[in-house]
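Shown next: my_file.txt, given as compact mmCIF, C-alpha atoms.
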```txt
# COMPACT_ATOMS: atom_id res chain seq x y z
CA MET A 234 96.82 91.44 94.34
CA ARG A 235 98.29 88.49 96.19
CA GLU A 236 99.54 87.05 92.89
CA ALA A 237 101.21 90.31 91.84
CA LEU A 238 102.78 90.55 95.30
CA LYS A 239 104.05 87.00 95.06
CA MET A 240 105.56 87.68 91.65
CA TYR A 241 107.57 90.69 92.82
CA ALA A 242 108.61 88.91 96.02
CA GLU A 243 109.95 86.02 93.95
CA ARG A 244 111.77 88.33 91.57
CA LEU A 245 113.34 90.16 94.50
CA SER A 246 114.50 86.97 96.18
CA ALA A 247 116.73 86.44 93.16
CA PHE A 248 118.65 89.59 94.13
CA GLY A 249 119.49 88.41 97.64
CA LYS A 250 118.08 88.78 101.11
CA PHE A 251 114.45 89.74 100.94
CA GLU A 252 111.83 89.02 103.52
CA MET A 253 108.21 90.06 103.92
CA VAL A 254 106.88 90.08 107.48
CA GLU A 255 103.22 90.60 108.34
CA VAL A 256 102.33 91.63 111.86
CA ALA A 257 98.89 91.26 113.39
CA GLU A 258 96.38 94.05 112.79
CA GLY A 259 95.93 96.17 115.90
CA HIS A 260 92.18 95.93 116.24
CA ALA A 261 92.22 92.25 117.24
CA GLY A 262 89.21 91.55 115.02
CA SER A 263 86.95 94.12 116.66
CA ALA A 264 83.95 95.13 114.53
CA LYS A 265 84.19 98.77 115.60
CA PRO A 266 87.86 99.28 116.33
CA ASP A 267 89.24 102.38 118.03
CA MET A 268 91.61 104.06 115.58
CA ARG A 269 94.13 105.37 118.10
CA LYS A 270 94.43 102.09 120.01
CA THR A 271 94.61 100.09 116.78
CA LYS A 272 97.46 102.20 115.45
CA LEU A 273 99.31 102.03 118.77
CA ALA A 274 99.04 98.24 118.94
CA GLU A 275 100.25 97.98 115.34
CA ALA A 276 103.14 100.33 116.10
CA GLN A 277 104.22 98.10 118.98
CA ASN A 278 104.02 95.00 116.80
CA LEU A 279 105.97 96.66 114.01
CA THR A 280 108.81 98.09 116.05
CA LYS A 281 109.21 95.33 118.64
CA ASN A 282 112.37 93.69 117.34
CA PRO A 283 114.04 95.91 114.79
CA PRO A 284 116.91 94.07 113.05
CA GLN A 285 120.42 95.21 113.94
CA GLU A 286 122.04 97.77 111.63
CA SER A 287 118.81 98.57 109.94
CA PHE A 288 117.56 101.69 108.18
CA LEU A 289 113.89 102.14 109.02
CA VAL A 290 111.66 103.60 106.33
CA ALA A 291 108.09 104.44 107.35
CA LEU A 292 105.53 104.83 104.57
CA ASP A 293 103.28 107.83 104.92
CA GLU A 294 101.60 110.21 102.48
CA THR A 295 103.17 113.16 104.30
CA GLY A 296 106.70 111.83 103.77
CA GLN A 297 109.36 112.62 101.25
CA GLN A 298 108.82 111.62 97.63
CA TYR A 299 111.57 110.11 95.54
CA THR A 300 111.93 109.62 91.83
CA SER A 301 112.83 106.02 90.91
CA PRO A 302 116.52 106.89 90.24
CA LYS A 303 116.78 108.73 93.59
CA PHE A 304 115.11 105.82 95.35
CA THR A 305 117.67 103.52 93.72
CA GLU A 306 120.51 105.71 95.05
CA LEU A 307 119.00 105.57 98.52
CA LEU A 308 118.96 101.76 98.50
CA GLU A 309 122.49 101.61 97.09
CA ARG A 310 123.77 103.97 99.79
CA GLN A 311 122.27 101.88 102.58
CA ALA A 312 123.60 98.67 101.06
CA ALA A 313 127.07 100.24 100.85
CA ASN A 314 126.77 101.12 104.53
CA GLY A 315 125.86 97.53 105.33
CA ARG A 316 122.45 98.52 106.59
CA LEU A 317 119.36 96.44 106.06
CA VAL A 318 116.52 98.58 104.76
CA VAL A 319 113.27 97.89 106.60
CA PHE A 320 110.06 99.33 105.13
CA LEU A 321 107.11 99.75 107.45
CA ILE A 322 103.62 99.93 105.96
CA GLY A 323 100.67 100.68 108.18
CA GLY A 324 97.24 99.08 108.24
CA SER A 325 93.94 100.68 107.26
CA TRP A 326 94.69 103.91 109.11
CA GLY A 327 98.35 104.18 108.29
CA LEU A 328 101.21 104.25 110.78
CA ASP A 329 101.14 105.68 114.26
CA GLU A 330 103.02 108.94 114.81
CA SER A 331 105.47 107.10 117.09
CA VAL A 332 106.61 104.93 114.16
CA LEU A 333 107.21 108.00 111.99
CA LYS A 334 109.33 109.52 114.78
CA GLN A 335 111.37 106.38 115.18
CA ALA A 336 112.00 105.94 111.45
CA ASP A 337 115.18 107.10 109.71
CA LEU A 338 113.08 108.25 106.78
CA THR A 339 109.40 108.81 106.06
CA LEU A 340 108.70 107.93 102.47
CA SER A 341 105.66 108.92 100.44
CA LEU A 342 104.58 106.98 97.37
CA GLY A 343 102.49 109.99 96.34
CA LYS A 344 99.75 112.21 97.69
CA LEU A 345 97.00 109.73 96.89
CA THR A 346 95.83 107.41 99.64
CA LEU A 347 96.54 103.82 98.65
CA PRO A 348 95.10 100.72 100.30
CA HIS A 349 97.69 98.64 102.14
CA SER A 350 97.74 95.92 99.48
CA LEU A 351 98.37 98.36 96.64
CA ALA A 352 101.00 100.33 98.58
CA ARG A 353 102.81 97.07 99.12
CA ILE A 354 102.79 96.19 95.43
CA VAL A 355 103.95 99.67 94.38
CA LEU A 356 106.77 99.50 96.94
CA LEU A 357 107.90 96.00 95.89
CA GLU A 358 107.84 97.04 92.24
CA GLN A 359 110.03 100.04 93.06
CA ILE A 360 112.53 97.93 95.00
CA TYR A 361 112.65 95.52 92.07
CA ARG A 362 113.01 98.43 89.64
CA ALA A 363 115.84 99.82 91.78
CA HIS A 364 117.68 96.51 91.60
CA MET A 365 117.27 96.45 87.84
CA ILE A 366 118.56 100.03 87.56
CA SER A 367 121.52 99.21 89.83
CA ALA A 368 122.32 96.15 87.73
CA GLY A 369 122.25 98.35 84.63
CA ARG A 370 119.50 96.31 83.09
CA GLU A 371 116.91 97.70 80.78
CA TYR A 372 113.53 98.00 82.38
CA HIS A 373 110.35 99.38 80.94
CA LYS A 374 108.79 102.45 82.41
CA MET B 125 97.59 92.41 87.70
CA ARG B 126 94.90 91.57 85.15
CA GLU B 127 92.74 90.13 87.92
CA ALA B 128 93.08 93.21 90.12
CA LEU B 129 92.29 95.38 87.12
CA LYS B 130 89.22 93.33 86.32
CA MET B 131 88.02 93.57 89.91
CA TYR B 132 88.19 97.38 89.99
CA ALA B 133 86.66 97.63 86.50
CA GLU B 134 83.71 95.51 87.67
CA ARG B 135 83.28 97.53 90.84
CA LEU B 136 83.33 100.76 88.82
CA SER B 137 80.75 99.52 86.35
CA ALA B 138 78.31 99.39 89.25
CA PHE B 139 78.62 103.18 89.57
CA GLY B 140 77.63 103.91 85.99
CA LYS B 141 79.32 104.52 82.69
CA PHE B 142 82.84 103.16 82.76
CA GLU B 143 84.84 101.96 79.82
CA MET B 144 88.43 100.87 79.40
CA VAL B 145 89.90 101.28 75.92
CA GLU B 146 93.28 99.90 74.91
CA VAL B 147 94.95 101.31 71.83
CA ALA B 148 97.74 99.58 69.91
CA GLU B 149 101.28 100.11 71.12
CA GLY B 150 103.15 102.47 68.84
CA HIS B 151 106.14 100.29 68.08
CA ALA B 152 104.15 97.83 65.94
CA GLY B 153 105.97 94.89 67.51
CA SER B 154 109.45 96.09 66.55
CA ALA B 155 112.27 94.50 68.57
CA LYS B 156 114.23 97.76 68.73
CA PRO B 157 111.57 100.44 68.61
CA ASP B 158 112.35 104.12 68.15
CA MET B 159 111.12 105.95 71.23
CA ARG B 160 110.04 109.17 69.53
CA LYS B 161 108.16 107.45 66.73
CA THR B 162 106.54 105.01 69.14
CA LYS B 163 105.25 107.79 71.35
CA LEU B 164 103.98 109.77 68.37
CA ALA B 165 102.09 106.77 66.97
CA GLU B 166 100.58 106.10 70.40
CA ALA B 167 99.62 109.76 70.73
CA GLN B 168 97.77 109.60 67.42
CA ASN B 169 95.97 106.41 68.44
CA LEU B 170 95.02 107.88 71.81
CA THR B 171 93.69 111.23 70.65
CA LYS B 172 92.08 110.19 67.37
CA ASN B 173 88.43 110.31 68.39
CA PRO B 174 88.03 112.11 71.68
CA PRO B 175 84.47 111.77 73.02
CA GLN B 176 82.33 114.89 72.92
CA GLU B 177 82.18 116.99 76.08
CA SER B 178 85.13 115.24 77.59
CA PHE B 179 87.73 116.35 80.12
CA LEU B 180 91.08 114.89 79.09
CA VAL B 181 93.46 113.88 81.86
CA ALA B 182 96.96 112.85 80.80
CA LEU B 183 99.00 110.81 83.27
CA ASP B 184 102.57 111.94 83.67
CA GLU B 185 105.04 112.03 86.58
CA THR B 186 105.60 115.75 85.98
CA GLY B 187 101.91 116.54 86.41
CA GLN B 188 99.89 117.81 89.31
CA GLN B 189 99.42 115.59 92.33
CA TYR B 190 96.09 115.31 94.10
CA THR B 191 95.13 113.93 97.46
CA SER B 192 92.28 111.40 97.27
CA PRO B 193 89.67 113.91 98.56
CA LYS B 194 90.83 116.54 96.04
CA PHE B 195 90.76 113.96 93.27
CA THR B 196 87.19 113.12 94.31
CA GLU B 197 86.22 116.82 94.08
CA LEU B 198 87.75 116.99 90.61
CA LEU B 199 85.63 114.06 89.38
CA GLU B 200 82.51 115.47 91.03
CA ARG B 201 83.06 118.86 89.40
CA GLN B 202 83.40 117.33 85.94
CA ALA B 203 80.35 115.14 86.46
CA ALA B 204 78.37 118.20 87.56
CA ASN B 205 79.47 119.91 84.34
CA GLY B 206 78.27 116.93 82.33
CA ARG B 207 81.77 116.17 81.11
CA LEU B 208 83.07 112.67 80.61
CA VAL B 209 86.49 112.30 82.22
CA VAL B 210 88.96 110.53 79.93
CA PHE B 211 92.23 109.34 81.44
CA LEU B 212 95.13 108.75 79.07
CA ILE B 213 97.95 106.46 80.20
CA GLY B 214 101.03 106.08 78.04
CA GLY B 215 102.95 102.96 77.14
CA SER B 216 106.47 102.00 78.22
CA TRP B 217 107.85 105.49 77.60
CA GLY B 218 104.92 107.48 78.82
CA LEU B 219 102.86 109.94 76.81
CA ASP B 220 104.08 112.11 73.98
CA GLU B 221 104.41 115.84 74.72
CA SER B 222 101.60 116.54 72.22
CA VAL B 223 99.15 114.59 74.39
CA LEU B 224 100.15 116.55 77.49
CA LYS B 225 99.56 119.81 75.58
CA GLN B 226 96.15 118.69 74.41
CA ALA B 227 95.01 117.52 77.83
CA ASP B 228 92.89 119.62 80.17
CA LEU B 229 94.96 118.36 83.07
CA THR B 230 98.22 116.49 83.55
CA LEU B 231 97.92 114.27 86.58
CA SER B 232 100.78 112.67 88.48
CA LEU B 233 100.25 109.60 90.65
CA GLY B 234 103.55 110.38 92.38
CA LYS B 235 107.20 110.97 91.54
CA LEU B 236 107.97 107.28 91.21
CA THR B 237 107.92 105.74 87.75
CA LEU B 238 105.22 103.08 87.60
CA PRO B 239 104.83 100.45 84.89
CA HIS B 240 101.73 100.91 82.76
CA SER B 241 99.89 98.00 84.39
CA LEU B 242 100.44 99.30 87.90
CA ALA B 243 99.59 102.91 86.99
CA ARG B 244 96.33 101.60 85.62
CA ILE B 245 95.46 99.74 88.81
CA VAL B 246 96.36 102.71 91.03
CA LEU B 247 94.20 104.98 88.86
CA LEU B 248 91.21 102.61 88.85
CA GLU B 249 91.48 102.18 92.61
CA GLN B 250 91.44 105.98 93.03
CA ILE B 251 88.40 106.39 90.78
CA TYR B 252 86.66 103.68 92.78
CA ARG B 253 87.74 105.31 96.04
CA ALA B 254 86.42 108.65 94.76
CA HIS B 255 83.03 107.10 94.06
CA MET B 256 82.96 105.61 97.54
CA ILE B 257 83.87 108.98 99.08
CA SER B 258 81.21 110.73 96.98
CA ALA B 259 78.62 108.20 98.06
CA GLY B 260 79.60 108.84 101.68
CA ARG B 261 80.54 105.22 102.20
CA GLU B 262 83.21 104.08 104.56
CA TYR B 263 86.31 102.93 102.82
CA HIS B 264 89.57 101.72 104.26
CA LYS B 265 92.74 103.68 103.72
```

I'd like the structure from this file rewritten - as structure tokens, please.
Amino acid sequence: MREALKMYAERLSAFGKFEMVEVAEGHAGSAKPDMRKTKLAEAQNLTKNPPQESFLVALDETGQQYTSPKFTELLERQAANGRLVVFLIGGSWGLDESVLKQADLTLSLGKLTLPHSLARIVLLEQIYRAHMISAGREYHK
Amino acid sequence: MREALKMYAERLSAFGKFEMVEVAEGHAGSAKPDMRKTKLAEAQNLTKNPPQESFLVALDETGQQYTSPKFTELLERQAANGRLVVFLIGGSWGLDESVLKQADLTLSLGKLTLPHSLARIVLLEQIYRAHMISAGREYHK
């Protein structure tokens, strides 16, 4: 998974500003973490210093689903508006409600529950795909 | 990607009969393949010898979406009926219409277009997740 992630991150760097930030998990290493507290701590870590002029996208199964072309349009629109798109992916229990409320958009990758690592790869692949579509390059389905 | 695939395949083998079959791509190595012909050739390769008592699931973005618990119920129901669940994933252009018609179910992993390799990993992860849910084991989101 790490290798696939690295590959997409490298490909994306070629298209310009791309950064991957990991914040600490909210359970602080506890063996039997409390779900609510964990999610709250993660929410605070995630939303502490939002970049200026950013468009916050929270990932959640309950969010809106996009086709790849529509997702491409979304990224193009934000880029045209000079806004940095920030994607927030939760930990094992997903994102806290407060993050969803704060976000400009809640995005769903599908109804299925994905582990964090896989959600991250699917998202990176879609961002990469969007760049390829924007650049008018051929890209396999 | 291959490593992640291998990991899930190994985990799944622990739960019983699991087999991954790759059929030849339909373009026979052509540099400028014809989409229709390619998909037809792949369809023939994929549906040539369906196992007896099988439940055919074709993967397509236009299909039905399941939550992970509902997907688990689907697999449990087929297992209870003694049917082998066969998942069919298309190549670069997806599956031919004829495969979708022949399938017992068309399943969508989400509206986003995924490359074959990633669709395969997401599917394997969900089958593994379903087994964990069925076995009543704790499994991270």

Can you give chain A as a PDB file with C-alpha atoms, in the frame of the given file after you superpose it on chain B, pairing all C-alpha atoms in order for the least-squares fit?
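File selection_37.pdb, as written:
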```
ATOM      1  CA  MET A 234      97.580  92.412  87.689  1.00  0.00           C
ATOM      2  CA  ARG A 235      94.905  91.588  85.150  1.00  0.00           C
ATOM      3  CA  GLU A 236      92.733  90.128  87.920  1.00  0.00           C
ATOM      4  CA  ALA A 237      93.087  93.211  90.132  1.00  0.00           C
ATOM      5  CA  LEU A 238      92.286  95.392  87.117  1.00  0.00           C
ATOM      6  CA  LYS A 239      89.224  93.324  86.330  1.00  0.00           C
ATOM      7  CA  MET A 240      88.019  93.590  89.914  1.00  0.00           C
ATOM      8  CA  TYR A 241      88.180  97.389  89.992  1.00  0.00           C
ATOM      9  CA  ALA A 242      86.653  97.650  86.515  1.00  0.00           C
ATOM     10  CA  GLU A 243      83.717  95.534  87.670  1.00  0.00           C
ATOM     11  CA  ARG A 244      83.279  97.547  90.843  1.00  0.00           C
ATOM     12  CA  LEU A 245      83.318 100.769  88.839  1.00  0.00           C
ATOM     13  CA  SER A 246      80.744  99.533  86.350  1.00  0.00           C
ATOM     14  CA  ALA A 247      78.308  99.407  89.252  1.00  0.00           C
ATOM     15  CA  PHE A 248      78.601 103.198  89.554  1.00  0.00           C
ATOM     16  CA  GLY A 249      77.607 103.904  85.958  1.00  0.00           C
ATOM     17  CA  LYS A 250      79.326 104.514  82.666  1.00  0.00           C
ATOM     18  CA  PHE A 251      82.828 103.151  82.759  1.00  0.00           C
ATOM     19  CA  GLU A 252      84.837 101.964  79.827  1.00  0.00           C
ATOM     20  CA  MET A 253      88.434 100.852  79.411  1.00  0.00           C
ATOM     21  CA  VAL A 254      89.900 101.269  75.929  1.00  0.00           C
ATOM     22  CA  GLU A 255      93.284  99.887  74.908  1.00  0.00           C
ATOM     23  CA  VAL A 256      94.952 101.308  71.836  1.00  0.00           C
ATOM     24  CA  ALA A 257      97.724  99.587  69.920  1.00  0.00           C
ATOM     25  CA  GLU A 258     101.291 100.109  71.124  1.00  0.00           C
ATOM     26  CA  GLY A 259     103.169 102.475  68.834  1.00  0.00           C
ATOM     27  CA  HIS A 260     106.147 100.295  68.048  1.00  0.00           C
ATOM     28  CA  ALA A 261     104.148  97.837  65.925  1.00  0.00           C
ATOM     29  CA  GLY A 262     105.999  94.897  67.476  1.00  0.00           C
ATOM     30  CA  SER A 263     109.465  96.114  66.527  1.00  0.00           C
ATOM     31  CA  ALA A 264     112.278  94.511  68.545  1.00  0.00           C
ATOM     32  CA  LYS A 265     114.236  97.764  68.736  1.00  0.00           C
ATOM     33  CA  PRO A 266     111.585 100.450  68.595  1.00  0.00           C
ATOM     34  CA  ASP A 267     112.368 104.135  68.137  1.00  0.00           C
ATOM     35  CA  MET A 268     111.117 105.955  71.230  1.00  0.00           C
ATOM     36  CA  ARG A 269     110.042 109.182  69.542  1.00  0.00           C
ATOM     37  CA  LYS A 270     108.147 107.469  66.719  1.00  0.00           C
ATOM     38  CA  THR A 271     106.546 105.004  69.132  1.00  0.00           C
ATOM     39  CA  LYS A 272     105.257 107.782  71.359  1.00  0.00           C
ATOM     40  CA  LEU A 273     103.982 109.764  68.372  1.00  0.00           C
ATOM     41  CA  ALA A 274     102.090 106.780  66.963  1.00  0.00           C
ATOM     42  CA  GLU A 275     100.584 106.100  70.392  1.00  0.00           C
ATOM     43  CA  ALA A 276      99.610 109.759  70.734  1.00  0.00           C
ATOM     44  CA  GLN A 277      97.764 109.596  67.417  1.00  0.00           C
ATOM     45  CA  ASN A 278      95.964 106.419  68.449  1.00  0.00           C
ATOM     46  CA  LEU A 279      95.011 107.878  71.811  1.00  0.00           C
ATOM     47  CA  THR A 280      93.692 111.221  70.647  1.00  0.00           C
ATOM     48  CA  LYS A 281      92.077 110.180  67.362  1.00  0.00           C
ATOM     49  CA  ASN A 282      88.429 110.286  68.384  1.00  0.00           C
ATOM     50  CA  PRO A 283      88.046 112.092  71.672  1.00  0.00           C
ATOM     51  CA  PRO A 284      84.478 111.741  73.014  1.00  0.00           C
ATOM     52  CA  GLN A 285      82.329 114.868  72.908  1.00  0.00           C
ATOM     53  CA  GLU A 286      82.202 116.983  76.075  1.00  0.00           C
ATOM     54  CA  SER A 287      85.131 115.232  77.588  1.00  0.00           C
ATOM     55  CA  PHE A 288      87.731 116.338  80.120  1.00  0.00           C
ATOM     56  CA  LEU A 289      91.081 114.891  79.094  1.00  0.00           C
ATOM     57  CA  VAL A 290      93.458 113.882  81.864  1.00  0.00           C
ATOM     58  CA  ALA A 291      96.964 112.845  80.805  1.00  0.00           C
ATOM     59  CA  LEU A 292      99.001 110.807  83.281  1.00  0.00           C
ATOM     60  CA  ASP A 293     102.570 111.941  83.685  1.00  0.00           C
ATOM     61  CA  GLU A 294     105.037 112.023  86.574  1.00  0.00           C
ATOM     62  CA  THR A 295     105.592 115.739  85.975  1.00  0.00           C
ATOM     63  CA  GLY A 296     101.893 116.538  86.411  1.00  0.00           C
ATOM     64  CA  GLN A 297      99.897 117.821  89.313  1.00  0.00           C
ATOM     65  CA  GLN A 298      99.409 115.587  92.341  1.00  0.00           C
ATOM     66  CA  TYR A 299      96.090 115.307  94.106  1.00  0.00           C
ATOM     67  CA  THR A 300      95.140 113.938  97.476  1.00  0.00           C
ATOM     68  CA  SER A 301      92.284 111.405  97.275  1.00  0.00           C
ATOM     69  CA  PRO A 302      89.676 113.924  98.568  1.00  0.00           C
ATOM     70  CA  LYS A 303      90.839 116.553  96.036  1.00  0.00           C
ATOM     71  CA  PHE A 304      90.754 113.966  93.269  1.00  0.00           C
ATOM     72  CA  THR A 305      87.193 113.126  94.327  1.00  0.00           C
ATOM     73  CA  GLU A 306      86.229 116.819  94.076  1.00  0.00           C
ATOM     74  CA  LEU A 307      87.744 116.984  90.609  1.00  0.00           C
ATOM     75  CA  LEU A 308      85.633 114.053  89.396  1.00  0.00           C
ATOM     76  CA  GLU A 309      82.507 115.467  91.040  1.00  0.00           C
ATOM     77  CA  ARG A 310      83.059 118.855  89.393  1.00  0.00           C
ATOM     78  CA  GLN A 311      83.400 117.321  85.939  1.00  0.00           C
ATOM     79  CA  ALA A 312      80.349 115.132  86.472  1.00  0.00           C
ATOM     80  CA  ALA A 313      78.362 118.210  87.536  1.00  0.00           C
ATOM     81  CA  ASN A 314      79.478 119.900  84.326  1.00  0.00           C
ATOM     82  CA  GLY A 315      78.289 116.912  82.322  1.00  0.00           C
ATOM     83  CA  ARG A 316      81.773 116.157  81.101  1.00  0.00           C
ATOM     84  CA  LEU A 317      83.086 112.666  80.609  1.00  0.00           C
ATOM     85  CA  VAL A 318      86.487 112.281  82.228  1.00  0.00           C
ATOM     86  CA  VAL A 319      88.955 110.524  79.937  1.00  0.00           C
ATOM     87  CA  PHE A 320      92.249 109.343  81.451  1.00  0.00           C
ATOM     88  CA  LEU A 321      95.143 108.755  79.098  1.00  0.00           C
ATOM     89  CA  ILE A 322      97.957 106.450  80.196  1.00  0.00           C
ATOM     90  CA  GLY A 323     101.026 106.081  78.043  1.00  0.00           C
ATOM     91  CA  GLY A 324     102.948 102.955  77.115  1.00  0.00           C
ATOM     92  CA  SER A 325     106.456 102.004  78.211  1.00  0.00           C
ATOM     93  CA  TRP A 326     107.845 105.482  77.589  1.00  0.00           C
ATOM     94  CA  GLY A 327     104.909 107.479  78.827  1.00  0.00           C
ATOM     95  CA  LEU A 328     102.855 109.943  76.803  1.00  0.00           C
ATOM     96  CA  ASP A 329     104.071 112.116  73.982  1.00  0.00           C
ATOM     97  CA  GLU A 330     104.416 115.833  74.710  1.00  0.00           C
ATOM     98  CA  SER A 331     101.604 116.544  72.226  1.00  0.00           C
ATOM     99  CA  VAL A 332      99.149 114.586  74.402  1.00  0.00           C
ATOM    100  CA  LEU A 333     100.161 116.561  77.495  1.00  0.00           C
ATOM    101  CA  LYS A 334      99.560 119.810  75.579  1.00  0.00           C
ATOM    102  CA  GLN A 335      96.162 118.693  74.403  1.00  0.00           C
ATOM    103  CA  ALA A 336      95.017 117.508  77.836  1.00  0.00           C
ATOM    104  CA  ASP A 337      92.881 119.616  80.177  1.00  0.00           C
ATOM    105  CA  LEU A 338      94.952 118.367  83.087  1.00  0.00           C
ATOM    106  CA  THR A 339      98.214 116.494  83.563  1.00  0.00           C
ATOM    107  CA  LEU A 340      97.927 114.271  86.585  1.00  0.00           C
ATOM    108  CA  SER A 341     100.772 112.662  88.499  1.00  0.00           C
ATOM    109  CA  LEU A 342     100.255 109.587  90.650  1.00  0.00           C
ATOM    110  CA  GLY A 343     103.557 110.373  92.373  1.00  0.00           C
ATOM    111  CA  LYS A 344     107.191 110.961  91.534  1.00  0.00           C
ATOM    112  CA  LEU A 345     107.973 107.269  91.202  1.00  0.00           C
ATOM    113  CA  THR A 346     107.910 105.732  87.746  1.00  0.00           C
ATOM    114  CA  LEU A 347     105.208 103.077  87.594  1.00  0.00           C
ATOM    115  CA  PRO A 348     104.816 100.439  84.893  1.00  0.00           C
ATOM    116  CA  HIS A 349     101.709 100.903  82.760  1.00  0.00           C
ATOM    117  CA  SER A 350      99.868  98.001  84.391  1.00  0.00           C
ATOM    118  CA  LEU A 351     100.432  99.297  87.915  1.00  0.00           C
ATOM    119  CA  ALA A 352      99.579 102.901  86.997  1.00  0.00           C
ATOM    120  CA  ARG A 353      96.316 101.609  85.626  1.00  0.00           C
ATOM    121  CA  ILE A 354      95.461  99.736  88.813  1.00  0.00           C
ATOM    122  CA  VAL A 355      96.358 102.700  91.043  1.00  0.00           C
ATOM    123  CA  LEU A 356      94.209 104.981  88.871  1.00  0.00           C
ATOM    124  CA  LEU A 357      91.207 102.610  88.849  1.00  0.00           C
ATOM    125  CA  GLU A 358      91.469 102.191  92.612  1.00  0.00           C
ATOM    126  CA  GLN A 359      91.441 105.971  93.034  1.00  0.00           C
ATOM    127  CA  ILE A 360      88.401 106.394  90.788  1.00  0.00           C
ATOM    128  CA  TYR A 361      86.649 103.680  92.781  1.00  0.00           C
ATOM    129  CA  ARG A 362      87.741 105.314  96.043  1.00  0.00           C
ATOM    130  CA  ALA A 363      86.418 108.654  94.770  1.00  0.00           C
ATOM    131  CA  HIS A 364      83.029 107.108  94.064  1.00  0.00           C
ATOM    132  CA  MET A 365      82.948 105.618  97.540  1.00  0.00           C
ATOM    133  CA  ILE A 366      83.873 108.979  99.091  1.00  0.00           C
ATOM    134  CA  SER A 367      81.214 110.750  96.998  1.00  0.00           C
ATOM    135  CA  ALA A 368      78.623 108.191  98.071  1.00  0.00           C
ATOM    136  CA  GLY A 369      79.601 108.827 101.689  1.00  0.00           C
ATOM    137  CA  ARG A 370      80.554 105.231 102.196  1.00  0.00           C
ATOM    138  CA  GLU A 371      83.226 104.089 104.549  1.00  0.00           C
ATOM    139  CA  TYR A 372      86.332 102.935 102.789  1.00  0.00           C
ATOM    140  CA  HIS A 373      89.571 101.735 104.259  1.00  0.00           C
ATOM    141  CA  LYS A 374      92.726 103.672 103.704  1.00  0.00           C
TER     142      LYS A 374
END
```

Practice item. Please check which residues have atoms at most 8 Å from (90.4, 110.8, 95.5) in the file's coordinates, counting only C-alpha atoms, and write them as number ranges by chain. Key: A: 345-346; B: 190-197, 250-251, 253-254, 257

Review point. Do you know which residues lie at most 8 Å from (89.1, 99.4, 84.5), with coordinates as in the file and all atoms listed in the file counted, and could you write them as a list in words?
Key: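 The residues near that point, listed by chain and number, are Leu129, Lys130, Tyr132, Ala133, Glu134, Leu136, Phe142, Glu143, Met144, Arg244, Ile245 and Leu248 of chain B.
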
Review point. Leaving out Thr230 in chain B and any residue of its chain fewer than 3 positions from it, which residues lie within 7 Å of it when counting all atoms listed in the file, given as an MDAnalysis selection string?
Key: chainID B and resid 181:184 187:188 224 227

Limited to C-alpha atoms, could you put the picked residues into a file as a PDB file, in the coordinates of the input?
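Heads up, here's the output in selection.pdb:
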```pdb
ATOM      1  CA  VAL B 181      93.460 113.880  81.860  1.00  0.00           C
ATOM      2  CA  ALA B 182      96.960 112.850  80.800  1.00  0.00           C
ATOM      3  CA  LEU B 183      99.000 110.810  83.270  1.00  0.00           C
ATOM      4  CA  ASP B 184     102.570 111.940  83.670  1.00  0.00           C
ATOM      5  CA  GLY B 187     101.910 116.540  86.410  1.00  0.00           C
ATOM      6  CA  GLN B 188      99.890 117.810  89.310  1.00  0.00           C
ATOM      7  CA  LEU B 224     100.150 116.550  77.490  1.00  0.00           C
ATOM      8  CA  ALA B 227      95.010 117.520  77.830  1.00  0.00           C
TER       9      ALA B 227
END
```

Review point. In Å, how far is it from CA of Glu258 in chain A to CA of Leu328 in chain A?
Key: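 Rounded to one decimal, the two atoms are 11.5 Å apart.
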
Exercise for review: Write out as a VMD selection string every residue belonging to chain B that has an atom at most 8 Å from any atom of chain A, counting all atoms listed in the file.
Suggested key: chain B and resid 125 127 to 128 189 to 192 215 to 218 233 to 240 242 246 250 264 to 265

Can I get the selected residues back with C-alpha atoms, as a short mmCIF file (atom, residue, chain, number, x, y, z; two decimals), in the coordinates of the input?
```cif
data_model
loop_
_atom_site.label_atom_id
_atom_site.label_comp_id
_atom_site.auth_asym_id
_atom_site.auth_seq_id
_atom_site.Cartn_x
_atom_site.Cartn_y
_atom_site.Cartn_z
CA MET B 125 97.59 92.41 87.70
CA GLU B 127 92.74 90.13 87.92
CA ALA B 128 93.08 93.21 90.12
CA GLN B 189 99.42 115.59 92.33
CA TYR B 190 96.09 115.31 94.10
CA THR B 191 95.13 113.93 97.46
CA SER B 192 92.28 111.40 97.27
CA GLY B 215 102.95 102.96 77.14
CA SER B 216 106.47 102.00 78.22
CA TRP B 217 107.85 105.49 77.60
CA GLY B 218 104.92 107.48 78.82
CA LEU B 233 100.25 109.60 90.65
CA GLY B 234 103.55 110.38 92.38
CA LYS B 235 107.20 110.97 91.54
CA LEU B 236 107.97 107.28 91.21
CA THR B 237 107.92 105.74 87.75
CA LEU B 238 105.22 103.08 87.60
CA PRO B 239 104.83 100.45 84.89
CA HIS B 240 101.73 100.91 82.76
CA LEU B 242 100.44 99.30 87.90
CA VAL B 246 96.36 102.71 91.03
CA GLN B 250 91.44 105.98 93.03
CA HIS B 264 89.57 101.72 104.26
CA LYS B 265 92.74 103.68 103.72
#
```

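From CA of Phe179 in chain B back to CA of Ala203 in chain B, the distance works out to 9.8 Å.
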
Point to revise | Selection: 12 Å around Gln226 in chain B, only C-alpha atoms, excl. self and same-chain fewer than 2 positions, as a ChimeraX atom specification | key: /B:167-168,170-172,174,178-182,212,219-224,228-230

Review point. Quick one, how far is CA of Asn282 in chain A from CA of Arg316 in chain A?
Key: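 Those two atoms sit 15.5 Å apart.
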
Review point. Which residues come within 9 Å of Ala274 in chain A, counting all atoms listed in the file, excluding same-chain residues fewer than 6 positions away, as a list of chain:residue names?
Key: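 Residues meeting the cut-off are A:Ala257, A:Glu258, A:Gly259, A:His260.
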
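Take the candidates A:Met240, A:Ile322, A:Met365, A:Ala313 and check each one against Glu275 in chain A using all atoms listed in the file; the shortest distance goes to A:Ile322.
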